[in-house]
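Colleague: Sharing a structure here in structure tokens format.
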Amino acid sequence: MQVTAQDVANILGGEVVGDPATIITGPGKIEEAIAGDISFLSNPKYTNHVYTTDASAVLVSEDFEPEQEVTTTLIKVKDVYTSLGVLLQQFGQVEHGFSGVSDQAIVDPSARLGDNVSIAAGVVIAADVIIGNGAVIYPQVYIGKGTEIGVDTILYAGVKVMHGCFIGSNCIIWSNTVIGSDGFGFSSDEERKYNKIPQIGNVIIKNDVEIGANCAIDRATMGSTIIHEGVKLDNLIQVAHNVEIGGHTVIAGQAGIAGSSKVGKHVVVGGQVAISGHLTIADGAMIQGKSGVGGNIKEENSRWFGTPAIDYRNYLRSYAHFRNLPDMAQKIKSLEKEIAALKKSLGADEA
Amino acid sequence: MQVTAQDVANILGGEVVGDPATIITGPGKIEEAIAGDISFLSNPKYTNHVYTTDASAVLVSEDFEPEQEVTTTLIKVKDVYTSLGVLLQQFGQVEHGFSGVSDQAIVDPSARLGDNVSIAAGVVIAADVIIGNGAVIYPQVYIGKGTEIGVDTILYAGVKVMHGCFIGSNCIIWSNTVIGSDGFGFSSDEERKYNKIPQIGNVIIKNDVEIGANCAIDRATMGSTIIHEGVKLDNLIQVAHNVEIGGHTVIAGQAGIAGSSKVGKHVVVGGQVAISGHLTIADGAMIQGKSGVGGNIKEENSRWFGTPAIDYRNYLRSYAHFRNLPDMAQKIKSLEKEIAALKKSLGADEA
Amino acid sequence: MQVTAQDVANILGGEVVGDPATIITGPGKIEEAIAGDISFLSNPKYTNHVYTTDASAVLVSEDFEPEQEVTTTLIKVKDVYTSLGVLLQQFGQVEHGFSGVSDQAIVDPSARLGDNVSIAAGVVIAADVIIGNGAVIYPQVYIGKGTEIGVDTILYAGVKVMHGCFIGSNCIIWSNTVIGSDGFGFSSDEERKYNKIPQIGNVIIKNDVEIGANCAIDRATMGSTIIHEGVKLDNLIQVAHNVEIGGHTVIAGQAGIAGSSKVGKHVVVGGQVAISGHLTIADGAMIQGKSGVGGNIKEENSRWFGTPAIDYRNYLRSYAHFRNLPDMAQKIKSLEKEIAALKKSLGADEA
């Protein structure tokens, strides 16, 4: 694929600063780019590279004003990161490498397959499964009895979706993620042994959800574990039974949400966060990576940090003093000495 | 399935308060239930729903006394959660959807299969494997050379049990969990490069153990990593080489136990807990989610929190002061000023 | 296999203290060993076992001087743990249990297979894949289009390597690990919905790398996620897009490294550590388990703890005071009272 800087500007609704005829052959990172590459500047930490990059063109924000001479061609756009997404879609079309239903897939005769589905070798599809039009099922996926997969959804290699679950349209589920494993429910008897509570609910995943690799999304005890439209989950995430995650929430890697908690819409959850069970998290809340949320979050768009999590800024303030605790202890000792001295001197006065 | 409230009370050894002829067609969550559903009230947070639920019947504790008018039929039982388990077993029989040995499973001729085993398509079973009577092996499971699987044990889709391991009877292992991967053992040489220590031990899992999805249970360097009877592990848990977990211990999601640690019986480990290597954890210890245990826990039934973990109540007390550190620092400053003023005034006195 | 203590000493370049003709039939842990076993003493916590073990021989450090009578035969070596590795390699040869290309593997005709490769049943290999000589591919592995696997590398059951990635020679990748899943990249639009940034880069893993079970190594947005020579990763680790991990770094279980961070050489990362995105970690840094690294680490061989991580010793000092905060708060209260009393008494003086 070969285009000009002007072509790119036209696609992105941007403006060329430099030679519009500059030839672009592909994308490249600003610090590693070679002639022919188009790069982007989104994170200000990388600004210096604009002046030294070998890229033939660089996407920059429309309000970017160079502070040194620039030799590359700039393409000014409203939102660099969004424009990068559009651009990479032009250059990065992935071919799945298979189409139709492989004769080495094992598909129960009762399953209903939509038009133009791609089902690869080594896939196992149980009875009464419904696969929507255009869905792509990579090798070694398992789909349990009665589960439905929506239109144009992609299940990558090794995904396991257990029985009775629903996955919407335009979803992407990455390799080896498990959907519909049993929730972690046991009752303890008089000998402190645990007996299994059967988990007879399911998992419902709405449209436009992306879930990373090696996640575990448990089925509900009763009812449904629900992941709403547009949610994006990173890798190695645990979503426990009866959790509900509101639309357009993003959750970073290795986070976990315990049973029955309700996470709002547009929430941002950092990596390795834990949210305890039976909690409600308000819309738009931001939870800093590594935090352990132990209570409800009631204020929308509030920001949290620590274990148990408290207000983000308060955590940072307290932590600054935490670092200073040896000094603080020393000050208290000094004060005690001074007061003792004062008391002695006063006592002397009194005597 | 359709039963009466009296039928349910008979099954559970409970008592009907209301119409014993109430028809019940299935279970439902108290806040979502519809006519015909039976719900339960176990967590007091949900008590208000008893007065408004559309469920036809609700399981409650035998000492539950309504504070408002109740329109649903109550079934009083000794232990609500245990009774729920019994009830869900009536309503929630899962069919595996396959039985016998699939001709699309690949089973080494030297493997010994018990009676009534179910081995699905896409399973690979290596030489000298022994599968107990009634075991159920879902698609895409791999069982390595010489491994034994006990009677009535279920391995869900994608489980990998490497060579030479033992899994007991009535165990449930969820999808994509790996059992018997090598322990993380390396010796460092003079150039600070790492050389692999072969891991020649195995994993032994006793009876009635349930392990969630996407866990990793490493084999021992020598000897065995051992998980005792009745242990319940949630999803995404790491159990390192030579760890031993005592009977009837429960471990929540994303927790990790480092090499050679011995966890006692009836221990409760919260989500995302880390236990360092070569430690001993006393029977009945409770470790709060997110904690990092860095030393032995010697006192039985003690409760821990923080990183490094300390007594649970002490952690909460210290954390309350942590939140207050900016104020504490301010108080110290004020004290310093007051003392300086006092000294000055005293000095003036003395002068 | 049966050897004498002297044979072992010869292999390891060690010295026998005791009967060189002692017969050794296999390795065993010092606290569980039986007659015929050879054990080792590396961790001083286990020293007492030397005097009571039933092992026929024990590897000890060349500077070990018994403080009680020893009945077992000692073999003194320079580095016990390294010697153990050599010894276990003698005793613990694992057979993969398959060789050649299984006729139940599904290999695209365009794939190029080296000499002496072993490809098991249920493996799926896409177009244009290259497999090096002697590589071993366990059941249910998937290798995506155009990916290269180096000489003598082992992929255990269920590993998924997506398209266009490179894995070097002598690597070991454990079961159900995913390599080349998409990085977690989304741009947010005006309605706070997320649009996918295509991830068109790949993953490059150099020689002699070992990666544990159920890890997720994401492909780069552009360019490559790179894991350099000799790196060892434990289980359940997340490596995000465009991360680079320097040679001979070791990372313990359940740690996660966020996007674009560069980890140096010979770094030691503890279990459940989180490293934020766009950071640089100096060579030889040691990060204590459970820490959350929120800033660059500039000093080589420095040691870190806490969230956000600070100097290891300073964290421990501050944490000691944290445990003591209730007492510290009490002291401040006492000081305030004493000063109030002093002021009152002075005021009385002045009056």
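Just remember, in the structure tokens the first chain shown is A, the second B, etc., residues are 1-based per chain, and ligands are 1-based in the order shown.
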Could you find all residues in region 67-256 of chain B that DSSP calls strand (DSSP E or B) from the backbone, and write them as a PyMOL selection string?
Modeller: chain B and resi 73-77+100-101+106-107+112-113+118-119+124-125+130-131+136-137+142-143+148-149+154-155+160-161+166-167+172-173+178-181+186-188+194-196+202-205+210-211+216-218+224-227+232-233+238-239+244-245+250-251+256
Colleague: Any chance you could export the current selection's C-alpha atoms as a PDB file, in the first residue's frame?
Modeller:
```pdb
ATOM      1  CA  THR B  73     -44.801 -17.622  51.093  1.00  0.00           C
ATOM      2  CA  LEU B  74     -41.855 -18.070  53.449  1.00  0.00           C
ATOM      3  CA  ILE B  75     -40.034 -21.338  53.917  1.00  0.00           C
ATOM      4  CA  LYS B  76     -38.043 -21.265  57.154  1.00  0.00           C
ATOM      5  CA  VAL B  77     -34.885 -23.395  57.194  1.00  0.00           C
ATOM      6  CA  GLY B 100     -18.844 -42.632  25.959  1.00  0.00           C
ATOM      7  CA  VAL B 101     -15.508 -42.204  24.227  1.00  0.00           C
ATOM      8  CA  ILE B 106      -7.250 -39.357  20.607  1.00  0.00           C
ATOM      9  CA  VAL B 107      -6.587 -41.930  23.301  1.00  0.00           C
ATOM     10  CA  ARG B 112      -6.882 -47.578  30.972  1.00  0.00           C
ATOM     11  CA  LEU B 113     -10.394 -46.177  30.920  1.00  0.00           C
ATOM     12  CA  SER B 118     -17.222 -39.699  28.942  1.00  0.00           C
ATOM     13  CA  ILE B 119     -14.383 -38.503  26.735  1.00  0.00           C
ATOM     14  CA  VAL B 124      -5.771 -36.071  23.757  1.00  0.00           C
ATOM     15  CA  ILE B 125      -4.797 -38.756  26.284  1.00  0.00           C
ATOM     16  CA  ILE B 130      -5.688 -44.100  34.034  1.00  0.00           C
ATOM     17  CA  ILE B 131      -9.206 -42.623  33.999  1.00  0.00           C
ATOM     18  CA  VAL B 136     -16.062 -36.729  32.365  1.00  0.00           C
ATOM     19  CA  ILE B 137     -13.407 -35.233  30.100  1.00  0.00           C
ATOM     20  CA  TYR B 142      -4.843 -32.948  27.378  1.00  0.00           C
ATOM     21  CA  ILE B 143      -3.732 -35.575  29.876  1.00  0.00           C
ATOM     22  CA  GLU B 148      -4.360 -40.685  36.919  1.00  0.00           C
ATOM     23  CA  ILE B 149      -7.823 -39.118  37.056  1.00  0.00           C
ATOM     24  CA  ILE B 154     -14.861 -33.641  35.702  1.00  0.00           C
ATOM     25  CA  LEU B 155     -12.209 -31.889  33.616  1.00  0.00           C
ATOM     26  CA  LYS B 160      -4.125 -29.547  30.639  1.00  0.00           C
ATOM     27  CA  VAL B 161      -2.822 -32.075  33.169  1.00  0.00           C
ATOM     28  CA  PHE B 166      -2.708 -37.650  40.366  1.00  0.00           C
ATOM     29  CA  ILE B 167      -6.179 -36.169  40.599  1.00  0.00           C
ATOM     30  CA  ILE B 172     -13.979 -30.512  39.297  1.00  0.00           C
ATOM     31  CA  ILE B 173     -11.310 -28.691  37.295  1.00  0.00           C
ATOM     32  CA  VAL B 178      -2.969 -26.117  33.868  1.00  0.00           C
ATOM     33  CA  ILE B 179      -1.805 -28.764  36.333  1.00  0.00           C
ATOM     34  CA  GLY B 180       1.768 -29.984  36.416  1.00  0.00           C
ATOM     35  CA  SER B 181       3.615 -27.209  34.594  1.00  0.00           C
ATOM     36  CA  PHE B 186      16.621 -21.595  38.146  1.00  0.00           C
ATOM     37  CA  SER B 187      20.142 -21.308  39.439  1.00  0.00           C
ATOM     38  CA  SER B 188      22.026 -18.133  38.642  1.00  0.00           C
ATOM     39  CA  TYR B 194      19.754 -18.449  34.752  1.00  0.00           C
ATOM     40  CA  ASN B 195      19.975 -22.210  34.291  1.00  0.00           C
ATOM     41  CA  LYS B 196      16.933 -24.386  34.605  1.00  0.00           C
ATOM     42  CA  ASN B 202       4.512 -33.986  40.322  1.00  0.00           C
ATOM     43  CA  VAL B 203       1.143 -32.657  41.526  1.00  0.00           C
ATOM     44  CA  ILE B 204      -1.207 -34.635  43.769  1.00  0.00           C
ATOM     45  CA  ILE B 205      -4.790 -33.441  44.131  1.00  0.00           C
ATOM     46  CA  GLU B 210     -12.667 -27.870  42.906  1.00  0.00           C
ATOM     47  CA  ILE B 211     -10.295 -25.638  40.928  1.00  0.00           C
ATOM     48  CA  ALA B 216      -1.666 -22.777  37.210  1.00  0.00           C
ATOM     49  CA  ILE B 217      -0.616 -25.522  39.622  1.00  0.00           C
ATOM     50  CA  ASP B 218       3.098 -26.253  39.246  1.00  0.00           C
ATOM     51  CA  SER B 224       4.869 -33.403  45.174  1.00  0.00           C
ATOM     52  CA  THR B 225       2.843 -30.228  45.170  1.00  0.00           C
ATOM     53  CA  ILE B 226      -0.164 -31.387  47.223  1.00  0.00           C
ATOM     54  CA  ILE B 227      -3.723 -30.066  47.397  1.00  0.00           C
ATOM     55  CA  LYS B 232     -11.752 -25.033  46.760  1.00  0.00           C
ATOM     56  CA  LEU B 233      -9.757 -22.736  44.486  1.00  0.00           C
ATOM     57  CA  GLN B 238      -1.081 -19.671  41.105  1.00  0.00           C
ATOM     58  CA  VAL B 239       0.120 -22.566  43.231  1.00  0.00           C
ATOM     59  CA  GLU B 244       0.981 -27.962  50.201  1.00  0.00           C
ATOM     60  CA  ILE B 245      -2.578 -26.792  50.860  1.00  0.00           C
ATOM     61  CA  VAL B 250     -10.715 -21.971  50.287  1.00  0.00           C
ATOM     62  CA  ILE B 251      -8.747 -19.527  48.156  1.00  0.00           C
ATOM     63  CA  GLY B 256      -0.829 -16.803  44.561  1.00  0.00           C
TER      64      GLY B 256
END
```
Colleague: Show me which bits of chain A are within 7 Å of chain C, counting only C-alpha atoms, as an MDAnalysis selection string.
Modeller: chainID A and resid 28:29 81:82 85 88:89 92 122 139:140 157 174:176 213:214 230 234:235 248 266 290 322:323 325:326 336
Colleague: Keeping only N, CA and C atoms, write the selected residues to a file as a PDB file, in the first residue's frame.
Modeller:
```pdb
ATOM      1  N   GLY A  28       4.920   3.450  11.518  1.00  0.00           N
ATOM      2  CA  GLY A  28       6.091   3.079  12.316  1.00  0.00           C
ATOM      3  C   GLY A  28       6.173   3.934  13.556  1.00  0.00           C
ATOM      4  N   LYS A  29       6.737   3.393  14.631  1.00  0.00           N
ATOM      5  CA  LYS A  29       6.882   4.166  15.872  1.00  0.00           C
ATOM      6  C   LYS A  29       7.873   5.306  15.657  1.00  0.00           C
ATOM      7  N   TYR A  81      -4.867  10.186  18.470  1.00  0.00           N
ATOM      8  CA  TYR A  81      -4.979   8.764  18.765  1.00  0.00           C
ATOM      9  C   TYR A  81      -6.125   8.134  17.975  1.00  0.00           C
ATOM     10  N   THR A  82      -7.245   8.875  17.877  1.00  0.00           N
ATOM     11  CA  THR A  82      -8.356   8.384  17.065  1.00  0.00           C
ATOM     12  C   THR A  82      -7.931   8.275  15.595  1.00  0.00           C
ATOM     13  N   GLY A  85      -5.939   5.261  14.940  1.00  0.00           N
ATOM     14  CA  GLY A  85      -6.800   4.085  14.810  1.00  0.00           C
ATOM     15  C   GLY A  85      -7.330   3.938  13.391  1.00  0.00           C
ATOM     16  N   LEU A  88      -4.394   2.951  11.074  1.00  0.00           N
ATOM     17  CA  LEU A  88      -3.913   1.574  11.210  1.00  0.00           C
ATOM     18  C   LEU A  88      -4.913   0.593  10.608  1.00  0.00           C
ATOM     19  N   GLN A  89      -6.171   0.974  10.623  1.00  0.00           N
ATOM     20  CA  GLN A  89      -7.157   0.102  10.000  1.00  0.00           C
ATOM     21  C   GLN A  89      -6.913  -0.010   8.495  1.00  0.00           C
ATOM     22  N   GLY A  92      -3.543  -2.195   8.442  1.00  0.00           N
ATOM     23  CA  GLY A  92      -3.363  -3.421   9.220  1.00  0.00           C
ATOM     24  C   GLY A  92      -4.473  -4.431   9.097  1.00  0.00           C
ATOM     25  N   GLY A 122     -10.455 -28.085  14.554  1.00  0.00           N
ATOM     26  CA  GLY A 122     -10.274 -28.314  15.985  1.00  0.00           C
ATOM     27  C   GLY A 122     -11.313 -27.646  16.857  1.00  0.00           C
ATOM     28  N   PRO A 139      -9.318 -21.904  15.757  1.00  0.00           N
ATOM     29  CA  PRO A 139      -9.091 -23.295  16.171  1.00  0.00           C
ATOM     30  C   PRO A 139      -9.200 -23.498  17.685  1.00  0.00           C
ATOM     31  N   GLN A 140      -9.657 -24.718  18.028  1.00  0.00           N
ATOM     32  CA  GLN A 140      -9.638 -25.193  19.422  1.00  0.00           C
ATOM     33  C   GLN A 140     -10.561 -24.404  20.343  1.00  0.00           C
ATOM     34  N   ALA A 157      -8.337 -18.382  19.166  1.00  0.00           N
ATOM     35  CA  ALA A 157      -7.989 -19.779  19.456  1.00  0.00           C
ATOM     36  C   ALA A 157      -8.077 -20.117  20.942  1.00  0.00           C
ATOM     37  N   TRP A 174     -10.421 -12.848  23.198  1.00  0.00           N
ATOM     38  CA  TRP A 174      -9.065 -13.321  22.917  1.00  0.00           C
ATOM     39  C   TRP A 174      -8.800 -14.722  23.479  1.00  0.00           C
ATOM     40  N   SER A 175      -7.721 -15.257  23.010  1.00  0.00           N
ATOM     41  CA  SER A 175      -7.400 -16.673  23.212  1.00  0.00           C
ATOM     42  C   SER A 175      -7.446 -17.115  24.673  1.00  0.00           C
ATOM     43  N   ASN A 176      -7.950 -18.324  24.846  1.00  0.00           N
ATOM     44  CA  ASN A 176      -7.941 -19.046  26.126  1.00  0.00           C
ATOM     45  C   ASN A 176      -8.754 -18.373  27.225  1.00  0.00           C
ATOM     46  N   ALA A 213      -6.983 -11.924  26.651  1.00  0.00           N
ATOM     47  CA  ALA A 213      -6.600 -13.332  26.741  1.00  0.00           C
ATOM     48  C   ALA A 213      -6.646 -13.820  28.181  1.00  0.00           C
ATOM     49  N   ASN A 214      -6.958 -15.096  28.345  1.00  0.00           N
ATOM     50  CA  ASN A 214      -6.864 -15.781  29.638  1.00  0.00           C
ATOM     51  C   ASN A 214      -7.682 -15.106  30.743  1.00  0.00           C
ATOM     52  N   GLY A 230     -20.047  -2.288  24.705  1.00  0.00           N
ATOM     53  CA  GLY A 230     -18.865  -1.449  24.565  1.00  0.00           C
ATOM     54  C   GLY A 230     -17.826  -1.587  25.661  1.00  0.00           C
ATOM     55  N   ASP A 234      -9.077  -6.057  29.519  1.00  0.00           N
ATOM     56  CA  ASP A 234      -7.710  -6.456  29.178  1.00  0.00           C
ATOM     57  C   ASP A 234      -7.516  -7.947  29.514  1.00  0.00           C
ATOM     58  N   ASN A 235      -6.297  -8.391  29.638  1.00  0.00           N
ATOM     59  CA  ASN A 235      -5.990  -9.805  29.865  1.00  0.00           C
ATOM     60  C   ASN A 235      -6.102 -10.202  31.344  1.00  0.00           C
ATOM     61  N   HIS A 248     -19.457   0.669  28.271  1.00  0.00           N
ATOM     62  CA  HIS A 248     -18.314   1.532  27.972  1.00  0.00           C
ATOM     63  C   HIS A 248     -17.408   1.726  29.173  1.00  0.00           C
ATOM     64  N   HIS A 266     -18.929   3.720  31.972  1.00  0.00           N
ATOM     65  CA  HIS A 266     -17.801   4.628  31.760  1.00  0.00           C
ATOM     66  C   HIS A 266     -16.838   4.640  32.950  1.00  0.00           C
ATOM     67  N   LYS A 290      -3.855  -1.248  41.206  1.00  0.00           N
ATOM     68  CA  LYS A 290      -3.384  -1.863  42.467  1.00  0.00           C
ATOM     69  C   LYS A 290      -4.322  -1.602  43.638  1.00  0.00           C
ATOM     70  N   PHE A 322       3.453   9.101  54.823  1.00  0.00           N
ATOM     71  CA  PHE A 322       3.909   7.740  55.154  1.00  0.00           C
ATOM     72  C   PHE A 322       5.411   7.618  54.899  1.00  0.00           C
ATOM     73  N   ARG A 323       5.835   8.124  53.764  1.00  0.00           N
ATOM     74  CA  ARG A 323       7.264   8.073  53.423  1.00  0.00           C
ATOM     75  C   ARG A 323       8.093   8.823  54.449  1.00  0.00           C
ATOM     76  N   LEU A 325       7.388   9.058  57.690  1.00  0.00           N
ATOM     77  CA  LEU A 325       7.060   8.660  59.062  1.00  0.00           C
ATOM     78  C   LEU A 325       8.277   8.564  59.991  1.00  0.00           C
ATOM     79  N   PRO A 326       9.421   8.067  59.531  1.00  0.00           N
ATOM     80  CA  PRO A 326      10.558   8.011  60.461  1.00  0.00           C
ATOM     81  C   PRO A 326      10.900   9.417  60.974  1.00  0.00           C
ATOM     82  N   GLU A 336       8.770  15.544  72.883  1.00  0.00           N
ATOM     83  CA  GLU A 336       8.645  14.979  74.233  1.00  0.00           C
ATOM     84  C   GLU A 336       9.801  15.435  75.118  1.00  0.00           C
TER      85      GLU A 336
END
```
Colleague: If you run DSSP on the backbone, which residues of region 67-291 of chain B are alpha helix (DSSP H), as a PyMOL selection string?
Modeller: chain B and resi 80-91
Colleague: If we count only C-alpha atoms and set the cut-off at 10 Å, which residues sit around Thr47 (chain B), ignoring sequence neighbours fewer than 4 positions away in its own chain? Please answer as a VMD selection string.
Modeller: chain B and resid 30 40 to 43 51 to 52 60 64 66 to 67
